[in-house]
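S.K.: Just one file: model11.txt, with compact mmCIF, C-alpha atoms.
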# COMPACT_ATOMS: atom_id res chain seq x y z
CA MET H 26 24.84 13.00 19.44
CA SER H 27 21.07 13.08 19.46
CA THR H 28 18.99 9.92 19.83
CA ALA H 29 18.15 8.24 16.53
CA SER H 30 14.72 9.47 15.54
CA VAL H 31 13.43 5.99 14.67
CA GLN H 32 12.75 5.14 18.30
CA ILE H 33 10.73 8.34 18.72
CA ALA H 34 8.72 7.52 15.58
CA LYS H 35 8.01 3.99 16.82
CA ASP H 36 6.94 5.16 20.25
CA ARG H 37 4.63 7.80 18.79
CA LEU H 38 3.13 5.25 16.39
CA LYS H 39 2.50 2.76 19.15
CA ALA H 40 0.62 5.37 21.16
CA LEU H 41 -1.35 6.47 18.09
CA LEU H 42 -2.28 2.98 16.93
CA GLY H 43 -3.22 1.91 20.42
CA ALA H 44 -5.55 4.87 20.60
CA ASP H 45 -6.92 4.35 17.05
CA ARG H 46 -7.49 0.64 17.49
CA MET H 47 -9.12 0.85 20.89
CA GLN H 48 -10.52 4.30 20.33
CA CYS H 49 -9.06 5.35 23.63
CA THR H 50 -6.10 7.37 24.80
CA PRO H 51 -2.61 6.08 25.71
CA ASP H 52 -3.59 7.02 29.26
CA ILE H 53 -6.43 4.48 29.25
CA THR H 54 -4.14 1.88 27.69
CA GLU H 55 -1.80 2.44 30.64
CA LYS H 56 -4.66 2.00 33.12
CA LEU H 57 -5.83 -1.13 31.32
CA SER H 58 -2.29 -2.49 31.52
CA ALA H 59 -2.15 -1.76 35.24
CA ASP H 60 -5.53 -3.44 35.86
CA LEU H 61 -4.58 -6.51 33.84
CA TYR H 62 -1.30 -6.73 35.73
CA HIS H 63 -3.19 -6.56 38.99
CA ILE H 64 -5.57 -9.35 37.99
CA LEU H 65 -2.82 -11.64 36.66
CA SER H 66 -0.65 -11.10 39.72
CA LYS H 67 -3.39 -12.70 41.82
CA TYR H 68 -2.85 -15.99 40.02
CA MET H 69 0.79 -16.07 39.02
CA GLU H 70 4.11 -14.64 39.98
CA ILE H 71 4.93 -11.80 37.64
CA SER H 72 6.98 -8.67 37.89
CA ARG H 73 5.87 -5.24 36.75
CA GLU H 74 8.92 -4.50 34.64
CA HIS H 75 8.44 -7.63 32.55
CA PHE H 76 4.72 -7.15 32.13
CA ASN H 77 3.36 -5.32 29.13
CA ILE H 78 0.36 -5.44 26.87
CA GLN H 79 0.20 -4.95 23.14
CA ILE H 80 -2.98 -4.03 21.32
CA THR H 81 -3.38 -5.10 17.69
CA ARG H 82 -6.38 -4.56 15.42
CA SER H 83 -8.13 -7.65 16.76
CA ASP H 84 -6.23 -8.91 19.83
CA ILE H 85 -4.72 -7.80 23.09
CA HIS H 86 -1.43 -9.58 23.74
CA ILE H 87 -0.12 -9.87 27.26
CA LYS H 88 3.58 -10.46 27.91
CA TYR H 89 4.46 -11.38 31.45
CA THR H 90 8.00 -12.78 31.28
CA GLY H 91 11.36 -11.24 30.61
CA GLU H 92 11.84 -13.30 27.46
CA ASN H 93 11.92 -11.48 24.20
CA ASN H 94 8.89 -12.25 22.04
CA MET R 11 -11.81 -15.33 -14.15
CA GLY R 12 -9.70 -12.29 -13.46
CA GLU R 13 -8.59 -11.16 -10.05
CA VAL R 14 -9.59 -7.72 -8.78
CA ILE R 15 -6.92 -5.94 -6.72
CA VAL R 16 -7.39 -2.53 -5.13
CA ILE R 17 -4.33 -0.36 -4.47
CA THR R 18 -5.00 1.84 -1.47
CA SER R 19 -3.24 3.73 1.33
CA GLY R 20 -5.43 6.13 3.26
CA LYS R 21 -2.86 8.91 3.08
CA GLY R 22 -2.33 10.72 -0.19
CA GLY R 23 0.99 11.09 -1.96
CA VAL R 24 2.56 7.80 -0.91
CA GLY R 25 2.67 6.34 -4.43
CA LYS R 26 -0.62 4.54 -5.13
CA THR R 27 -0.90 5.76 -8.70
CA THR R 28 2.76 5.14 -9.57
CA THR R 29 2.42 1.68 -8.05
CA THR R 30 -0.79 0.91 -9.96
CA ALA R 31 0.79 1.97 -13.25
CA ASN R 32 4.00 0.03 -12.74
CA ILE R 33 2.42 -3.17 -11.44
CA GLY R 34 -0.10 -3.06 -14.28
CA ILE R 35 2.63 -2.54 -16.85
CA GLY R 36 4.90 -5.19 -15.27
CA LEU R 37 2.19 -7.84 -15.41
CA ALA R 38 1.29 -6.88 -18.98
CA GLN R 39 4.99 -7.28 -19.89
CA SER R 40 4.75 -10.82 -18.49
CA GLY R 41 1.98 -11.57 -20.95
CA LYS R 42 -1.01 -11.07 -18.67
CA LYS R 43 -4.12 -9.26 -19.82
CA VAL R 44 -4.44 -6.30 -17.50
CA VAL R 45 -6.78 -3.35 -17.01
CA VAL R 46 -5.98 -0.49 -14.63
CA ILE R 47 -8.89 1.65 -13.45
CA ASP R 48 -8.56 5.16 -12.05
CA THR R 49 -11.30 5.48 -9.43
CA ASP R 50 -10.34 8.96 -8.22
CA LEU R 51 -13.30 10.96 -9.54
CA GLY R 52 -12.50 14.62 -10.10
CA LEU R 53 -8.75 14.16 -9.70
CA ARG R 54 -7.68 12.10 -12.66
CA ASN R 55 -4.01 11.09 -12.48
CA LEU R 56 -3.33 7.56 -13.61
CA ASP R 57 -3.58 8.52 -17.29
CA VAL R 58 -0.87 11.16 -16.79
CA VAL R 59 1.51 8.84 -14.96
CA MET R 60 1.10 6.33 -17.81
CA GLY R 61 1.51 8.97 -20.52
CA LEU R 62 -1.96 8.30 -21.97
CA GLU R 63 -3.61 11.65 -21.15
CA ASN R 64 -4.01 12.64 -24.80
CA ARG R 65 -5.97 9.55 -25.73
CA ILE R 66 -8.99 9.91 -23.43
CA VAL R 67 -12.39 10.10 -25.08
CA TYR R 68 -14.74 8.45 -22.59
CA ASN R 69 -14.28 7.69 -18.91
CA LEU R 70 -15.46 5.56 -15.99
CA VAL R 71 -18.54 7.69 -15.31
CA ASP R 72 -19.57 7.55 -19.00
CA VAL R 73 -19.50 3.74 -18.82
CA ILE R 74 -21.49 3.67 -15.59
CA GLU R 75 -24.06 6.15 -16.86
CA GLY R 76 -24.39 4.17 -20.08
CA SER R 77 -23.19 7.05 -22.29
CA CYS R 78 -20.75 4.68 -23.98
CA ARG R 79 -19.84 1.02 -24.11
CA MET R 80 -16.99 -0.36 -22.03
CA LYS R 81 -14.96 -1.05 -25.17
CA GLN R 82 -15.15 2.59 -26.21
CA ALA R 83 -13.79 3.85 -22.90
CA LEU R 84 -10.92 1.38 -22.51
CA ILE R 85 -7.65 2.87 -23.79
CA ARG R 86 -5.19 0.34 -25.12
CA ASP R 87 -1.59 1.14 -24.23
CA LYS R 88 0.17 0.48 -27.55
CA ARG R 89 3.56 0.01 -25.90
CA PHE R 90 2.47 -3.19 -24.15
CA PRO R 91 0.73 -6.28 -25.50
CA ASP R 92 -2.37 -6.43 -23.36
CA LEU R 93 -2.68 -3.38 -21.15
CA TYR R 94 -5.76 -1.20 -20.94
CA LEU R 95 -6.64 1.91 -18.94
CA LEU R 96 -10.10 2.95 -17.85
CA PRO R 97 -9.63 6.64 -17.00
CA SER R 98 -11.50 8.56 -14.34
CA ALA R 99 -13.71 11.59 -14.96
CA GLN R 100 -12.10 14.95 -14.30
CA THR R 101 -15.35 16.91 -13.95
CA LYS R 102 -17.64 14.61 -11.95
CA ASP R 103 -17.57 14.42 -8.17
CA LYS R 104 -17.15 11.38 -5.98
CA THR R 105 -20.89 10.97 -5.34
CA SER R 106 -21.72 10.31 -9.00
CA VAL R 107 -20.84 6.61 -8.63
CA SER R 108 -22.08 4.11 -6.02
CA PRO R 109 -20.29 1.01 -4.64
CA GLU R 110 -22.94 -1.20 -6.32
CA GLN R 111 -22.25 0.39 -9.71
CA MET R 112 -18.50 -0.12 -9.27
CA GLN R 113 -19.04 -3.73 -8.30
CA LYS R 114 -21.09 -4.32 -11.45
CA LEU R 115 -18.52 -2.59 -13.67
CA VAL R 116 -15.66 -4.63 -12.24
CA SER R 117 -17.51 -7.95 -12.55
CA GLU R 118 -18.13 -7.15 -16.21
CA LEU R 119 -14.36 -6.98 -16.74
CA ARG R 120 -13.52 -10.20 -14.92
CA SER R 121 -14.14 -12.49 -17.85
CA ASP R 122 -11.93 -10.46 -20.22
CA PHE R 123 -8.87 -9.81 -18.06
CA ASP R 124 -6.40 -11.70 -15.87
CA TYR R 125 -5.91 -8.75 -13.53
CA ILE R 126 -8.07 -5.74 -12.78
CA PHE R 127 -6.33 -3.05 -10.72
CA LEU R 128 -8.23 -0.27 -9.02
CA ASP R 129 -6.27 2.87 -8.17
CA CYS R 130 -8.04 4.10 -5.03
CA PRO R 131 -8.33 7.77 -4.05
CA ALA R 132 -6.84 8.97 -0.76
CA GLY R 133 -9.16 9.10 2.24
CA ILE R 134 -11.77 6.75 3.64
CA GLU R 135 -14.88 8.34 2.17
CA GLN R 136 -17.07 7.35 -0.75
CA GLY R 137 -14.25 7.12 -3.28
CA PHE R 138 -12.55 4.56 -1.06
CA GLN R 139 -15.80 2.67 -0.49
CA ASN R 140 -16.38 2.56 -4.27
CA ALA R 141 -12.88 1.34 -5.03
CA ILE R 142 -12.93 -1.52 -2.52
CA ALA R 143 -16.52 -2.60 -3.31
CA GLY R 144 -15.58 -5.05 -6.05
CA ALA R 145 -12.10 -6.02 -4.85
CA ASP R 146 -10.92 -9.56 -4.00
CA ARG R 147 -7.71 -8.41 -2.40
CA ALA R 148 -5.78 -5.26 -1.57
CA ILE R 149 -2.29 -3.85 -1.80
CA VAL R 150 -1.78 -1.30 0.97
CA VAL R 151 0.91 1.23 0.06
CA THR R 152 2.75 3.11 2.78
CA THR R 153 5.97 5.04 3.27
CA PRO R 154 8.08 4.61 6.42
CA GLU R 155 6.55 7.66 8.12
CA VAL R 156 4.35 7.92 11.21
CA SER R 157 1.37 9.55 9.44
CA ALA R 158 1.36 7.16 6.46
CA ILE R 159 1.65 4.07 8.68
CA ARG R 160 -1.10 5.29 10.94
CA ASP R 161 -3.42 5.74 7.95
CA ALA R 162 -2.40 2.36 6.54
CA ASP R 163 -3.35 0.74 9.84
CA ARG R 164 -6.77 2.36 9.69
CA ILE R 165 -7.24 1.22 6.09
CA ILE R 166 -6.29 -2.39 6.92
CA GLY R 167 -8.90 -2.34 9.71
CA LEU R 168 -11.56 -1.06 7.28
CA LEU R 169 -10.62 -3.64 4.62
CA GLU R 170 -10.89 -6.44 7.18
CA THR R 171 -14.28 -5.12 8.31
CA ARG R 172 -15.46 -5.17 4.68
CA GLY R 173 -14.44 -8.82 4.40
CA ILE R 174 -11.30 -8.32 2.27
CA LYS R 175 -8.94 -10.79 3.89
CA LYS R 176 -5.96 -10.86 1.56
CA ASN R 177 -4.26 -7.57 2.30
CA GLU R 178 -0.59 -7.15 1.48
CA LEU R 179 1.82 -4.36 2.28
CA LEU R 180 4.00 -2.41 -0.11
CA ILE R 181 6.56 -0.14 1.54
CA ASN R 182 7.47 2.70 -0.79
CA ARG R 183 10.30 5.24 -0.80
CA LEU R 184 12.57 3.49 1.65
CA ARG R 185 15.77 5.48 2.18
CA ILE R 186 18.40 2.83 2.84
CA ASP R 187 20.98 5.36 4.04
CA MET R 188 18.54 6.81 6.58
CA VAL R 189 17.52 3.36 7.85
CA ARG R 190 21.17 2.53 8.38
CA ARG R 191 21.77 5.55 10.55
CA GLY R 192 18.58 5.03 12.56
CA ASP R 193 16.59 7.93 11.15
CA MET R 194 14.01 5.97 9.20
CA MET R 195 11.91 3.00 10.25
CA SER R 196 13.14 -0.21 8.66
CA VAL R 197 11.16 -2.77 6.66
CA GLU R 198 11.04 -4.91 9.83
CA ASP R 199 9.78 -2.01 11.96
CA VAL R 200 6.94 -1.21 9.55
CA SER R 201 5.91 -4.83 8.91
CA GLU R 202 5.93 -5.58 12.61
CA ILE R 203 3.68 -2.63 13.40
CA LEU R 204 1.17 -3.28 10.60
CA ALA R 205 1.34 -7.09 10.92
CA ILE R 206 0.20 -8.06 7.40
CA ASP R 207 2.09 -9.94 4.67
CA LEU R 208 4.77 -7.95 2.91
CA LEU R 209 4.43 -7.85 -0.88
CA GLY R 210 7.44 -5.68 -1.57
CA VAL R 211 9.73 -2.78 -0.82
CA ILE R 212 10.47 0.01 -3.28
CA PRO R 213 13.63 1.99 -2.44
CA ASP R 214 13.45 5.75 -2.82
CA ASP R 215 14.80 6.42 -6.28
CA GLU R 216 14.98 9.61 -8.30
CA GLN R 217 14.51 7.50 -11.43
CA VAL R 218 10.82 7.25 -10.47
CA VAL R 219 10.46 11.03 -10.73
CA ILE R 220 12.29 11.08 -14.06
CA ALA R 221 10.13 8.26 -15.47
CA THR R 222 6.93 9.91 -14.23
CA ASN R 223 7.96 13.23 -15.79
CA GLN R 224 8.12 11.44 -19.12
CA GLY R 225 5.01 9.30 -18.66
CA GLU R 226 7.22 6.21 -18.95
CA PRO R 227 7.21 3.10 -16.75
CA ILE R 228 9.98 2.41 -14.25
CA VAL R 229 9.23 -1.32 -13.95
CA GLY R 230 11.52 -3.43 -16.07
CA SER R 231 14.20 -0.72 -16.17
CA ASP R 232 17.67 -1.31 -14.81
CA SER R 233 17.25 0.78 -11.67
CA LEU R 234 16.72 0.06 -7.98
CA SER R 235 13.02 0.85 -8.10
CA GLY R 236 12.55 -0.79 -11.50
CA ARG R 237 13.91 -4.08 -10.21
CA ALA R 238 11.87 -3.77 -7.02
CA TYR R 239 8.64 -3.30 -9.01
CA SER R 240 9.55 -6.28 -11.22
CA ASN R 241 9.95 -8.39 -8.08
CA VAL R 242 6.55 -7.23 -6.81
CA CYS R 243 4.98 -8.34 -10.11
CA ARG R 244 6.65 -11.74 -9.92
CA ARG R 245 5.37 -12.19 -6.37
CA ILE R 246 1.83 -11.35 -7.54
CA LEU R 247 2.26 -14.08 -10.16
CA GLY R 248 3.07 -16.51 -7.35
CA GLU R 249 6.86 -16.68 -7.54
CA GLU R 250 8.77 -16.86 -4.27
CA ILE R 251 11.17 -13.93 -4.44
CA PRO R 252 12.79 -13.03 -1.11
CA ILE R 253 12.70 -9.41 0.01
CA PRO R 254 16.31 -8.17 0.00
CA ASP R 255 17.71 -7.10 3.35
CA PHE R 256 18.08 -3.40 2.76
CA THR R 257 20.22 -2.80 5.82
CA LYS R 258 22.67 -5.66 5.62
CA SER R 259 26.28 -4.60 5.52
CA ASP R 260 27.24 -6.72 2.52
CA GLY R 261 25.78 -7.22 -0.91
CA PHE R 262 24.51 -4.92 -3.56
CA PHE R 263 22.44 -2.56 -1.46
CA HIS R 264 25.32 -1.90 0.86
CA ARG R 265 27.54 -0.97 -2.04
CA PHE R 266 24.77 1.24 -3.25
CA THR R 267 24.46 3.09 0.04
CA GLN R 268 28.25 3.35 0.21
CA LEU R 269 28.04 5.31 -3.03
CA PHE R 270 25.73 7.72 -1.27
CA HIS R 271 28.11 8.18 1.62
CA LYS R 272 30.98 9.06 -0.69
CA ASN R 273 29.00 11.81 -2.35
Before anything else, please render the file you have as structure tokens.
M.R.:
Amino acid sequence: MSTASVQIAKDRLKALLGADRMQCTPDITEKLSADLYHILSKYMEISREHFNIQITRSDIHIKYTGENN
Amino acid sequence: MGEVIVITSGKGGVGKTTTTANIGIGLAQSGKKVVVIDTDLGLRNLDVVMGLENRIVYNLVDVIEGSCRMKQALIRDKRFPDLYLLPSAQTKDKTSVSPEQMQKLVSELRSDFDYIFLDCPAGIEQGFQNAIAGADRAIVVTTPEVSAIRDADRIIGLLETRGIKKNELLINRLRIDMVRRGDMMSVEDVSEILAIDLLGVIPDDEQVVIATNQGEPIVGSDSLSGRAYSNVCRRILGEEIPIPDFTKSDGFFHRFTQLFHKN
């Protein structure tokens, strides 16, 4: 059975909106995420797999724990 | 003083005009005085969806150019107590009206109507700028597709930049059966991505096509989409009507999707 297409749609949208909102490519978003992770890891204990950033129209949200939401 | 609401989407073909017609009609059925304005210059459509295409004498551009009075251009829909249409021009192009002129036209209508709805053209060019110029709030229409949601996101950004803060989302043509099997983004998925208040969800319904063919409204009819549009109207009037969970395994919508599966 093939993967449900919803997840693909959501992933593509996230990449598109990130690029639209920041006017940069998903590649730059990835680099920004890596840089922010690097900076935060200087001050607190965080793990890479639980760290992610989310870009909205007006904010950048940083998640650095394994908790959902 | 009437409230001015623009109905917009960015992408074409997601249901702006159908939504404008049915919300306008629904509020008129509730006793409100409503005018719906077609701002799509050159591609007049709202009159056709409402079944009023044979009654046009003057249009929006005639009013703005001073070729007629507002009263002469407003078409009263005889089926409903207080519903008027200001049709667009079919021959003029989108540069024949400016945002300032639209703003003036809309403010002229405020004292006579409870609600003024502006059916916005697709795109983000002058037609869009004209339509949002006089608006207090916006209804952003999208379908659960990547391209439509992307455009809606762009539109919300532009509305916020123009100082329109009350922007609400209307998700159109939701296929409940597809959501259930994971092949269409759900109401939650779309609202989470766009992160604005949800005004309503209209399930995909062939009754909309049938009603539009006939130039008849769907709102107020005993159909999935008719009830959904009625709920949208009641929410605009300030009633707290919860959005049904379209994917829940019990209740009416489940039974409805079960019908689909049997066929």
S.K.: Where does chain H meet chain R within 7 Å, residue by residue, with the nearest atom pair and distance in Å to one decimal for each, counting all atoms listed in the file, listed by chain and rising number, as JSON lines?
M.R.:
{"residue": "H:Ala29", "atom": "CA", "partner": "R:Gly192", "partner_atom": "CA", "distance": 5.1}
{"residue": "H:Ser30", "atom": "CA", "partner": "R:Asp193", "partner_atom": "CA", "distance": 5.0}
{"residue": "H:Val31", "atom": "CA", "partner": "R:Asp193", "partner_atom": "CA", "distance": 5.1}
{"residue": "H:Ala34", "atom": "CA", "partner": "R:Val156", "partner_atom": "CA", "distance": 6.2}
{"residue": "H:Leu38", "atom": "CA", "partner": "R:Val156", "partner_atom": "CA", "distance": 6.0}
{"residue": "H:Leu42", "atom": "CA", "partner": "R:Arg160", "partner_atom": "CA", "distance": 6.5}
{"residue": "H:Arg82", "atom": "CA", "partner": "R:Gly167", "partner_atom": "CA", "distance": 6.6}
S.K.: Excluding same-chain residues fewer than 6 positions from Ile78 in chain H, what lies within 8 Å of it counting all atoms listed in the file, as a PyMOL selection string?
M.R.: chain H and resi 58+85-88
S.K.: Smallest atom-to-atom distance to Ser108 in chain R: which of R:Val24, R:Val151, R:Leu51, R:Val14, using only C-alpha atoms?
M.R.: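 Smallest separation from Ser108 in chain R among the options: R:Leu51.
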S.K.: Please provide the set of residues having any atom within 9 Å of Glu110 in chain R, restricted to all atoms listed in the file, with same-chain residues fewer than 3 positions apart removed, written as a list of chain:residue names.
M.R.: R:Val107, R:Gln113, R:Lys114, R:Leu115, R:Asn140, R:Ala143, R:Gly144
S.K.: Distance CA of His63 in chain H-CA of Arg37 in chain H, one decimal place?
M.R.: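 Taking CA of His63 in chain H and CA of Arg37 in chain H, their separation equals 26.0 Å.
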S.K.: What lies within 10 Å of Asp84 in chain H using all atoms listed in the file, ignoring chain neighbours under 4 positions off, as a ChimeraX atom specification?
M.R.: /H:46,79-80
S.K.: Restricting the calculation to all atoms listed in the file: of H:Ala59, H:Tyr89, H:Met47, H:Thr54, which residue gets closest to Ile71 in chain H?
M.R.: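 Among the listed residues, the smallest separation from Ile71 in chain H belongs to H:Tyr89.
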S.K.: State, in Å with one decimal place, the distance from CA of Ile246 in chain R to CA of Lys81 in chain R.
M.R.: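 A separation of 26.4 Å between them.
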S.K.: For Ser233 in chain R, work out the shell of residues within 12 Å, counting only C-alpha atoms and skipping chain neighbours fewer than 3 positions away, then give it as JSON, numbers by chain.
M.R.: {"R": [212, 213, 214, 215, 216, 217, 218, 220, 221, 227, 228, 229, 230, 236, 237, 238, 239, 240, 263, 266]}
